[in-house]
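Source file my_file39.csv; content: CSV, C-alpha atoms and all ligand atoms.
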```csv
chain,number,residue,atom,x,y,z
A,14,MET,CA,0.0,0.0,0.0
A,15,THR,CA,2.7,2.4,1.1
A,16,SER,CA,4.9,1.5,-1.8
A,17,SER,CA,2.0,1.9,-4.4
A,18,PHE,CA,1.1,5.3,-2.8
A,19,VAL,CA,4.8,6.3,-3.1
A,20,SER,CA,4.9,5.2,-6.7
A,21,LEU,CA,1.6,7.0,-7.5
A,22,SER,CA,2.8,10.2,-6.0
A,23,ARG,CA,6.1,9.8,-7.7
A,24,SER,CA,4.5,9.3,-11.1
A,25,ARG,CA,2.3,12.4,-10.5
A,26,LYS,CA,5.4,14.3,-9.6
A,27,ASP,CA,7.1,12.9,-12.8
A,28,VAL,CA,4.1,14.1,-14.9
A,29,ARG,CA,4.4,17.5,-13.3
A,30,VAL,CA,8.1,17.7,-13.9
A,31,ARG,CA,7.8,16.4,-17.5
A,32,GLY,CA,5.0,19.0,-18.0
A,33,SER,CA,7.1,21.8,-16.7
A,34,VAL,CA,10.1,20.6,-18.8
A,35,LEU,CA,7.9,20.5,-21.9
A,36,ALA,CA,6.6,24.0,-21.1
A,37,ARG,CA,10.1,25.3,-20.6
A,38,THR,CA,11.2,23.6,-23.9
A,39,SER,CA,8.3,25.2,-25.8
A,40,GLN,CA,9.1,28.6,-24.2
A,41,THR,CA,12.7,28.3,-25.2
A,42,ALA,CA,11.6,27.3,-28.8
A,43,ASN,CA,9.3,30.3,-28.9
A,44,ARG,CA,12.1,32.6,-27.6
A,45,THR,CA,14.5,31.1,-30.3
A,46,ARG,CA,11.8,31.7,-33.0
A,47,LYS,CA,11.4,35.3,-31.8
A,48,SER,CA,15.1,36.0,-31.6
A,49,LEU,CA,16.1,34.2,-34.8
A,50,TYR,CA,14.8,33.6,-38.3
A,51,LEU,CA,15.3,29.8,-38.4
A,52,PRO,CA,14.7,29.2,-42.2
A,53,ALA,CA,17.9,31.2,-42.8
A,54,PHE,CA,19.8,28.2,-41.3
A,55,SER,CA,18.5,26.0,-44.2
A,56,ILE,CA,20.8,28.0,-46.5
A,57,VAL,CA,23.7,27.4,-44.1
A,58,ALA,CA,22.8,23.7,-44.0
A,59,VAL,CA,22.7,23.4,-47.8
A,60,ALA,CA,26.2,25.1,-48.0
A,61,VAL,CA,27.7,22.9,-45.3
A,62,THR,CA,26.2,19.7,-46.8
A,63,LEU,CA,27.4,20.5,-50.3
A,64,ILE,CA,30.9,21.5,-49.1
A,65,GLY,CA,31.0,18.3,-46.9
A,66,ILE,CA,30.3,16.2,-50.0
A,67,GLY,CA,32.8,18.0,-52.1
A,68,TRP,CA,35.5,17.8,-49.5
A,69,SER,CA,35.0,14.1,-48.8
A,70,SER,CA,35.1,13.4,-52.6
A,71,LYS,CA,38.3,15.4,-52.9
A,72,TRP,CA,36.4,18.0,-55.0
A,73,GLY,CA,35.6,15.4,-57.7
A,74,GLY,CA,39.3,15.2,-58.7
A,75,SER,CA,39.6,18.9,-59.5
A,76,SER,CA,42.5,20.9,-58.0
A,77,PHE,CA,41.0,23.2,-55.3
A,78,SER,CA,43.9,25.7,-55.5
A,79,GLN,CA,43.9,25.9,-59.3
A,80,SER,CA,40.1,26.6,-59.3
A,81,MET,CA,40.5,29.1,-56.5
A,82,THR,CA,43.2,31.0,-58.4
A,83,SER,CA,40.9,31.1,-61.5
A,84,LEU,CA,38.0,32.5,-59.4
A,85,ARG,CA,40.3,35.0,-57.7
A,86,VAL,CA,41.4,36.2,-61.1
A,87,VAL,CA,37.8,36.8,-62.1
A,88,VAL,CA,36.8,38.5,-58.8
A,89,VAL,CA,39.9,40.6,-57.9
A,90,GLY,CA,42.5,39.7,-60.5
A,91,PRO,CA,44.7,42.4,-62.2
A,92,ALA,CA,42.4,42.8,-65.2
A,93,THR,CA,39.3,43.1,-63.0
A,94,LEU,CA,41.0,45.7,-60.7
A,95,ILE,CA,42.1,47.8,-63.7
A,96,VAL,CA,38.6,47.7,-65.2
A,97,LEU,CA,37.1,48.6,-61.8
A,98,GLY,CA,39.6,51.5,-61.5
A,99,ALA,CA,38.5,52.7,-64.9
A,100,PHE,CA,34.9,52.5,-64.0
A,101,LEU,CA,35.6,54.5,-60.8
A,102,VAL,CA,37.1,57.2,-63.0
A,103,ILE,CA,34.1,57.2,-65.4
A,104,GLU,CA,31.8,57.6,-62.3
A,105,ARG,CA,33.6,60.8,-61.5
A,106,LEU,CA,33.4,62.1,-65.0
A,107,ARG,CA,29.8,61.3,-65.8
A,108,PRO,CA,28.0,60.6,-62.5
A,109,ALA,CA,24.3,59.8,-62.3
A,110,GLN,CA,24.3,61.5,-58.8
A,111,ARG,CA,27.1,63.8,-57.6
A,112,ARG,CA,28.5,62.6,-54.3
A,113,SER,CA,31.8,62.5,-52.5
A,114,LEU,CA,34.5,59.9,-53.4
A,115,PHE,CA,34.4,59.0,-49.7
A,116,ALA,CA,30.6,58.7,-49.4
A,117,ARG,CA,29.6,56.3,-46.6
A,118,GLY,CA,28.2,53.8,-49.0
A,119,TYR,CA,31.5,53.7,-50.9
A,120,ARG,CA,33.5,53.0,-47.7
A,121,GLN,CA,31.1,50.3,-46.7
A,122,ASP,CA,31.3,48.6,-50.1
A,123,VAL,CA,35.1,48.6,-49.8
A,124,LEU,CA,34.6,46.2,-46.8
A,125,PHE,CA,32.5,44.0,-49.0
A,126,THR,CA,35.2,44.1,-51.7
A,127,LEU,CA,37.7,42.9,-49.1
A,128,LEU,CA,35.3,40.2,-47.9
A,129,ASN,CA,35.0,38.9,-51.5
A,130,ALA,CA,38.7,38.9,-52.0
A,131,THR,CA,39.4,36.9,-48.8
A,132,LEU,CA,36.5,34.8,-47.7
A,133,VAL,CA,34.2,34.6,-50.7
A,134,VAL,CA,36.8,33.3,-53.2
A,135,PRO,CA,37.5,30.1,-51.2
A,136,LEU,CA,33.9,29.7,-50.2
A,137,GLY,CA,32.7,30.2,-53.9
A,138,THR,CA,35.3,27.7,-55.1
A,139,ALA,CA,34.3,25.1,-52.5
A,140,LEU,CA,30.6,25.6,-53.4
A,141,ALA,CA,31.2,25.5,-57.2
A,142,LEU,CA,33.4,22.3,-57.1
A,143,SER,CA,31.0,20.6,-54.7
A,144,PHE,CA,27.9,21.5,-56.7
A,145,SER,CA,29.5,20.3,-59.9
A,146,GLU,CA,30.6,17.0,-58.3
A,147,VAL,CA,27.0,16.4,-56.9
A,148,ALA,CA,25.4,17.2,-60.3
A,149,ARG,CA,27.8,14.8,-62.1
A,150,ARG,CA,27.0,12.1,-59.5
A,151,VAL,CA,23.2,12.6,-59.4
A,152,ALA,CA,22.6,13.3,-63.0
A,153,PRO,CA,25.6,12.1,-65.1
A,154,TRP,CA,23.3,11.9,-68.2
A,155,VAL,CA,23.1,15.8,-68.3
A,156,VAL,CA,26.6,15.9,-69.6
A,157,ILE,CA,26.5,16.0,-73.4
A,158,PRO,CA,29.2,13.8,-75.0
A,159,ARG,CA,31.9,15.4,-77.0
A,160,THR,CA,30.9,16.3,-80.6
A,161,SER,CA,32.9,18.0,-83.3
A,162,VAL,CA,29.7,19.2,-85.2
A,163,VAL,CA,29.3,22.4,-83.2
A,164,PRO,CA,32.3,24.9,-83.3
A,165,LYS,CA,33.9,25.6,-79.9
A,166,TRP,CA,33.0,29.3,-80.0
A,167,VAL,CA,29.3,28.5,-80.5
A,168,VAL,CA,29.5,26.2,-77.4
A,169,ILE,CA,31.1,29.0,-75.4
A,170,ALA,CA,28.5,31.5,-76.5
A,171,LEU,CA,25.7,29.0,-75.7
A,172,ILE,CA,27.1,28.5,-72.2
A,173,MET,CA,27.4,32.2,-71.5
A,174,ILE,CA,23.8,32.9,-72.7
A,175,ALA,CA,22.4,30.0,-70.7
A,176,MET,CA,24.4,31.0,-67.7
A,177,ASP,CA,22.9,34.5,-67.9
A,178,ALA,CA,19.4,33.0,-68.1
A,179,CYS,CA,20.1,30.8,-65.0
A,180,ASN,CA,21.4,33.9,-63.1
A,181,TRP,CA,18.1,35.6,-64.1
A,182,PHE,CA,16.0,32.8,-62.7
A,183,ALA,CA,18.1,32.6,-59.5
A,184,HIS,CA,17.7,36.4,-59.1
A,185,LEU,CA,14.0,36.1,-59.6
A,186,ALA,CA,13.9,33.4,-56.8
A,187,ASN,CA,15.9,35.8,-54.6
A,188,HIS,CA,13.0,38.2,-54.9
A,189,ARG,CA,10.1,35.7,-54.7
A,190,VAL,CA,11.3,33.4,-51.9
A,191,ARG,CA,11.5,35.0,-48.5
A,192,VAL,CA,14.4,33.0,-47.1
A,193,LEU,CA,16.5,34.0,-50.2
A,194,TRP,CA,15.3,37.6,-50.1
A,195,ARG,CA,16.6,37.7,-46.5
A,196,PHE,CA,20.1,37.2,-48.0
A,197,HIS,CA,19.6,39.3,-51.1
A,198,GLU,CA,18.2,42.4,-49.4
A,199,LEU,CA,21.7,43.4,-48.4
A,200,HIS,CA,22.5,44.0,-52.1
A,201,HIS,CA,19.4,46.3,-52.4
A,202,SER,CA,20.2,48.2,-49.2
A,203,GLN,CA,22.8,50.4,-50.9
A,204,GLU,CA,21.8,54.1,-51.0
A,205,ASP,CA,25.0,55.3,-52.5
A,206,MET,CA,25.5,53.0,-55.4
A,207,SER,CA,28.9,52.7,-57.0
A,208,VAL,CA,30.8,50.1,-59.1
A,209,LEU,CA,31.8,48.4,-55.8
A,210,THR,CA,28.1,47.7,-55.0
A,211,VAL,CA,28.6,44.6,-57.1
A,212,PHE,CA,30.5,43.2,-54.1
A,213,ARG,CA,27.8,44.1,-51.6
A,214,THR,CA,26.3,40.6,-51.4
A,215,HIS,CA,25.9,38.1,-48.6
A,216,PRO,CA,28.5,35.3,-49.0
A,217,LEU,CA,25.8,32.7,-48.6
A,218,ILE,CA,23.6,34.0,-51.4
A,219,HIS,CA,26.0,32.3,-53.8
A,220,VAL,CA,24.2,29.1,-52.9
A,221,SER,CA,21.3,30.2,-55.0
A,222,TYR,CA,23.5,31.2,-58.0
A,223,LEU,CA,25.0,27.7,-58.3
A,224,LEU,CA,22.2,27.1,-60.8
A,225,ALA,CA,24.3,29.2,-63.3
A,226,LEU,CA,27.0,26.4,-63.3
A,227,VAL,CA,24.5,23.9,-64.9
A,228,PRO,CA,25.2,25.0,-68.6
A,229,GLY,CA,28.9,24.7,-68.1
A,230,ILE,CA,28.5,21.2,-66.6
A,231,VAL,CA,26.2,20.1,-69.4
A,232,LEU,CA,28.6,21.3,-72.2
A,233,LEU,CA,31.9,20.7,-70.4
A,234,ALA,CA,33.0,17.9,-72.7
A,235,ASN,CA,32.5,20.3,-75.7
A,236,GLY,CA,34.3,23.4,-74.3
A,237,ALA,CA,34.9,25.5,-71.2
A,238,VAL,CA,34.4,29.2,-70.9
A,239,PRO,CA,37.9,30.9,-70.8
A,240,THR,CA,38.6,32.9,-67.7
A,241,ALA,CA,38.9,36.1,-69.9
A,242,MET,CA,35.3,35.7,-70.9
A,243,LEU,CA,34.3,35.4,-67.2
A,244,VAL,CA,36.3,38.5,-66.4
A,245,LEU,CA,34.4,40.3,-69.1
A,246,TYR,CA,31.1,39.1,-67.8
A,247,ALA,CA,32.0,40.2,-64.3
A,248,ALA,CA,33.1,43.6,-65.7
A,249,VAL,CA,29.7,44.1,-67.3
A,250,VAL,CA,27.9,43.2,-64.1
A,251,ALA,CA,30.2,45.6,-62.1
A,252,PHE,CA,29.7,48.4,-64.6
A,253,GLU,CA,25.9,48.3,-64.4
A,254,HIS,CA,26.2,49.1,-60.6
A,255,SER,CA,28.3,52.2,-61.3
A,256,ASN,CA,27.0,55.6,-60.5
A,257,THR,CA,27.3,56.7,-64.1
A,258,ASN,CA,24.7,58.3,-66.3
A,259,PHE,CA,25.0,55.7,-69.0
A,260,GLY,CA,22.4,54.2,-71.2
A,261,PHE,CA,23.0,51.9,-74.2
A,262,GLY,CA,20.4,53.3,-76.6
A,263,ALA,CA,19.1,50.7,-78.9
A,264,LEU,CA,21.6,48.2,-77.5
A,265,GLU,CA,19.7,48.3,-74.3
A,266,ARG,CA,17.3,45.9,-75.9
A,267,ILE,CA,20.1,43.4,-75.5
A,268,PHE,CA,22.6,44.5,-72.8
A,269,VAL,CA,22.1,45.8,-69.3
A,270,SER,CA,23.3,49.4,-68.8
A,271,PRO,CA,23.9,51.3,-65.5
A,272,ASN,CA,20.7,53.3,-66.1
A,273,TYR,CA,18.8,50.1,-66.7
A,274,HIS,CA,20.0,48.3,-63.6
A,275,ARG,CA,19.6,51.3,-61.3
A,276,ILE,CA,15.8,50.9,-61.8
A,277,HIS,CA,16.2,47.5,-60.1
A,278,HIS,CA,17.6,49.2,-57.1
A,279,ARG,CA,15.1,52.0,-56.8
A,280,ILE,CA,13.6,52.7,-53.4
A,281,GLU,CA,10.2,53.5,-54.8
A,282,GLY,CA,8.3,51.0,-56.9
A,283,ARG,CA,8.8,47.4,-57.8
A,284,GLN,CA,12.3,46.0,-57.4
A,285,ASP,CA,11.5,42.6,-59.0
A,286,VAL,CA,12.0,44.2,-62.5
A,287,ASN,CA,15.2,44.5,-64.5
A,288,LEU,CA,16.6,41.3,-63.0
A,289,GLY,CA,19.0,40.7,-65.9
A,290,PHE,CA,22.7,40.3,-65.2
A,291,ALA,CA,24.2,41.0,-68.6
A,292,LEU,CA,21.2,40.6,-71.0
A,293,THR,CA,17.9,42.4,-70.9
A,294,ILE,CA,16.2,39.8,-73.1
A,295,TRP,CA,15.0,37.7,-70.2
A,296,ASP,CA,13.3,40.7,-68.6
A,297,GLN,CA,11.6,41.5,-71.9
A,298,LEU,CA,10.6,37.8,-72.4
A,299,PHE,CA,8.9,37.7,-69.0
A,300,HIS,CA,7.5,41.3,-69.1
A,301,ARG,CA,9.8,42.6,-66.4
A,302,ALA,CA,11.8,45.1,-68.4
A,303,VAL,CA,11.5,48.8,-67.4
A,304,PHE,CA,13.6,51.0,-69.7
A,305,PRO,CA,15.3,54.1,-68.4
A,306,THR,CA,14.0,57.6,-68.9
A,307,GLU,CA,15.4,61.1,-67.9
A,308,HIS,CA,13.4,60.7,-64.7
A,309,THR,CA,14.8,57.3,-63.7
A,310,VAL,CA,18.5,58.2,-64.1
A,311,ARG,CA,18.8,60.0,-60.8
A,312,MET,CA,16.3,58.1,-58.7
A,313,ALA,CA,17.1,57.2,-55.1
A,314,THR,CA,18.1,53.6,-54.3
A,315,GLY,CA,17.8,51.4,-51.2
A,316,LEU,CA,15.1,49.7,-49.2
A,317,PRO,CA,12.0,51.5,-48.0
A,318,GLY,CA,12.0,51.8,-44.2
A,319,ARG,CA,15.6,50.6,-43.9
A,320,PRO,CA,14.7,47.1,-42.6
A,321,LEU,CA,18.4,46.2,-42.6
A,322,ALA,CA,21.2,48.1,-40.9
A,323,VAL,CA,22.7,50.7,-43.3
A,324,GLU,CA,25.7,52.9,-42.9
A,325,GLN,CA,23.7,55.9,-44.0
A,326,ALA,CA,21.5,55.8,-40.8
A,327,GLY,CA,22.6,57.7,-37.7
A,328,GLU,CA,25.1,60.5,-37.2
A,329,LYS,CA,28.1,58.3,-37.6
A,330,PRO,CA,28.4,55.5,-40.1
A,331,HIS,CA,29.9,52.9,-37.6
A,332,HIS,CA,31.1,50.9,-40.6
A,333,LEU,CA,32.3,47.7,-38.8
A,334,ARG,CA,29.3,47.4,-36.5
A,335,VAL,CA,27.0,47.9,-39.5
A,336,PHE,CA,29.0,45.4,-41.5
A,337,VAL,CA,28.5,42.7,-38.9
A,338,ALA,CA,24.8,43.6,-38.5
A,339,GLN,CA,24.4,43.3,-42.3
A,340,LEU,CA,26.1,39.9,-42.3
A,341,VAL,CA,23.9,38.5,-39.5
A,342,GLY,CA,20.9,40.3,-40.9
A,343,PRO,CA,19.3,37.2,-42.6
A,344,PHE,CA,19.1,35.5,-39.3
A,345,ARG,CA,17.3,38.3,-37.4
A,346,PRO,CA,13.7,37.6,-36.5
A,347,LEU,CA,10.9,38.6,-38.8
A,348,GLY,CA,9.6,42.0,-37.8
A,349,GLU,CA,8.1,45.2,-39.1
A,350,GLY,CA,9.2,45.4,-42.7
A,351,SER,CA,12.0,42.8,-42.3
A,352,GLY,CA,10.2,40.1,-44.2
A,353,HIS,CA,9.6,42.3,-47.2
A,354,VAL,CA,9.7,40.5,-50.5
A,355,ALA,CA,9.6,42.9,-53.4
A,356,THR,CA,6.8,41.3,-55.4
A,357,SER,CA,4.0,43.9,-55.2
A,358,PRO,CA,2.5,43.9,-58.6
A,359,VAL,CA,2.2,47.2,-60.6
A,360,ALA,CA,0.1,47.3,-63.7
A,361,GLY,CA,1.4,49.2,-66.7
A,362,ALA,CA,3.1,48.7,-70.0
A,363,THR,CA,6.7,47.9,-70.9
A,364,GLY,CA,8.7,50.3,-73.0
A,365,ARG,CA,11.1,53.2,-72.9
A,366,GLU,CA,8.5,55.9,-72.4
A,367,ASP,CA,6.5,54.0,-69.7
A,368,GLU,CA,8.3,53.5,-66.5
A,369,GLU,CA,6.0,50.7,-65.2
A,370,THR,CA,5.9,47.1,-66.3
A,371,VAL,CA,3.2,44.5,-66.7
A,372,ALA,CA,2.6,42.4,-63.6
A,373,TRP,CA,3.8,38.8,-64.0
B,401,ZN,ZN,17.6,42.0,-56.8
B,402,ZN,ZN,22.4,45.1,-58.4
```
Show me, as structure tokens, the structure contained in the file I just sent.
Ligand SMILES: [Zn+2]
Ligand SMILES: [Zn+2]
Amino acid sequence: MTSSFVSLSRSRKDVRVRGSVLARTSQTANRTRKSLYLPAFSIVAVAVTLIGIGWSSKWGGSSFSQSMTSLRVVVVGPATLIVLGAFLVIERLRPAQRRSLFARGYRQDVLFTLLNATLVVPLGTALALSFSEVARRVAPWVVIPRTSVVPKWVVIALIMIAMDACNWFAHLANHRVRVLWRFHELHHSQEDMSVLTVFRTHPLIHVSYLLALVPGIVLLANGAVPTAMLVLYAAVVAFEHSNTNFGFGALERIFVSPNYHRIHHRIEGRQDVNLGFALTIWDQLFHRAVFPTEHTVRMATGLPGRPLAVEQAGEKPHHLRVFVAQLVGPFRPLGEGSGHVATSPVAGATGREDEETVAW
């Protein structure tokens, strides 16, 4: 009797203890949810898993250091630096908006340039080699066997065009999928755009742009894009971020100009337009092209309501503190304006005269 009473009271106590443990666990989970945006960790998980597979398979037999050197040449090699320097001069000669050479945004983007030159190059190499290895293992049939029918230059042109299309779709996903937008909004937060804004990206957003490697994997047996072509591609993408009053006239129906891309960064109106990296044809194909006018050249850029820390806020820029806040930004909890995904539809018509575009 005594022992069964003891065991009954013990089991009641156990239930109470378990109940309070469960309540505490759920409170902790709620607190975690409120202090962190947990879906952002899924991008970290994808990156870590990919790199783990790549590392354990010795990068699919590729030389890590050689691949890293090639990527470094594209990102911050001598040719890229000379081109960036030339663009910085053109920005002074023909600015879209007059501002100091030492504007806060410029100084902040120097930090992102250094981040790209140091951390992003090895990270990008690891991700690219790992993704290629996984793609070759999972879908070996995507690799088109070697053929001599198609000239090599045609293969290279095809890879470049298809790569640009993949970048367009990945960029669209960055604007449509909240967890990706959380990483992409940093790029849109720049209020003092310059050629260095091309580097203002979260290191982990490169996970979404791995899609652009697919054309190169498919056609690898028939030709690889020379590094010089990739430097040229990077230069085009850098130039379109420059603070230059530059349109391409009729050629804008094919190529992205600074005046065209600035519309993508505008603070007012839809930002999920003009998503093209080098070519405007994808925007036109999917009714997302907004061509520049006199009015759009000098428009303000950035994010409405500044949901992410920016160097322009406050009396002092606090570059390093803001830099850290920008990098951990995707993991901050959802709050007022912080979950913004730039998808609000605006009806209108495409074309040079009309600034709006047809909703998708
Ligand atoms: Zn964007
Ligand atoms: Zn941009």
message = List as a PyMOL selection string the protein and nucleic acid residues lying within 12 Å of ligand ZN 402 (chain B), with all atoms listed in the file counted.
response = chain A and resi 181+184+187+197-204+206-214+249-256+269-279+284-291+314-315
query = For ligand ZN 401 (chain B), which residue out of A:Ser78, A:Thr160, A:Asn180, A:Gln110 is the nearest one, using all atoms listed in the file?
reply = A:Asn180
task = List every protein, DNA or RNA residue that has at least one atom no more than 10 Å from (34.5, 54.5, -63.3) in the file's coordinates, counting only C-alpha atoms, and write the result as a PyMOL selection string.
result = chain A and resi 96-108+207-208+251-252+255-257
query = Using all atoms listed in the file, which residues sit within 12 Å of His332 in chain A once same-chain residues fewer than 2 positions away are excluded, as an MDAnalysis selection string?
reply = chainID A and resid 116:125 322:330 334:339
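Distances to ligand ZN 401 (chain B) were evaluated for A:Ile157, A:Leu171, A:Val190, A:Ala53 using only C-alpha atoms and all ligand atoms, and the minimum falls at A:Val190.
Using only C-alpha atoms, the shortest contact distance between Arg345 in chain A and any of A:Val87, A:Ala148, A:Leu51, A:Leu264 is found at A:Leu51.
As for CA of Phe54 in chain A and CA of Val192 in chain A, they are spaced 9.3 Å apart.
With CA of Ala60 in chain A on one side and CA of Leu193 in chain A on the other, the separation reads 13.3 Å.
Nearest residue to ligand ZN 401 (chain B) among A:Pro216, A:Arg283, A:Ala313, A:Asn258 is A:Arg283, counting all atoms listed in the file.
Shortest atom-to-atom contact with Val147 in chain A among A:Pro164, A:Gly67, A:Pro239, A:Gly90: A:Gly67, counting only C-alpha atoms.
Going from CA of Ala130 in chain A over to CA of Ser75 in chain A, you cover 21.4 Å.
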message = Here's a test: counting all atoms listed in the file, identify every protein, DNA and RNA residue with an atom at most 6 Å from (22.3, 34.5, -45.5) in the file's coordinate frame, and state them as an MDAnalysis selection string.
response = chainID A and resid 196 215 217 343
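Comparing the minimum interatomic distances between ligand ZN 401 (chain B) and each of A:Phe304, A:Ala186, A:His219, A:Gly342, counting all atoms listed in the file, we find that A:Ala186 sits nearest.
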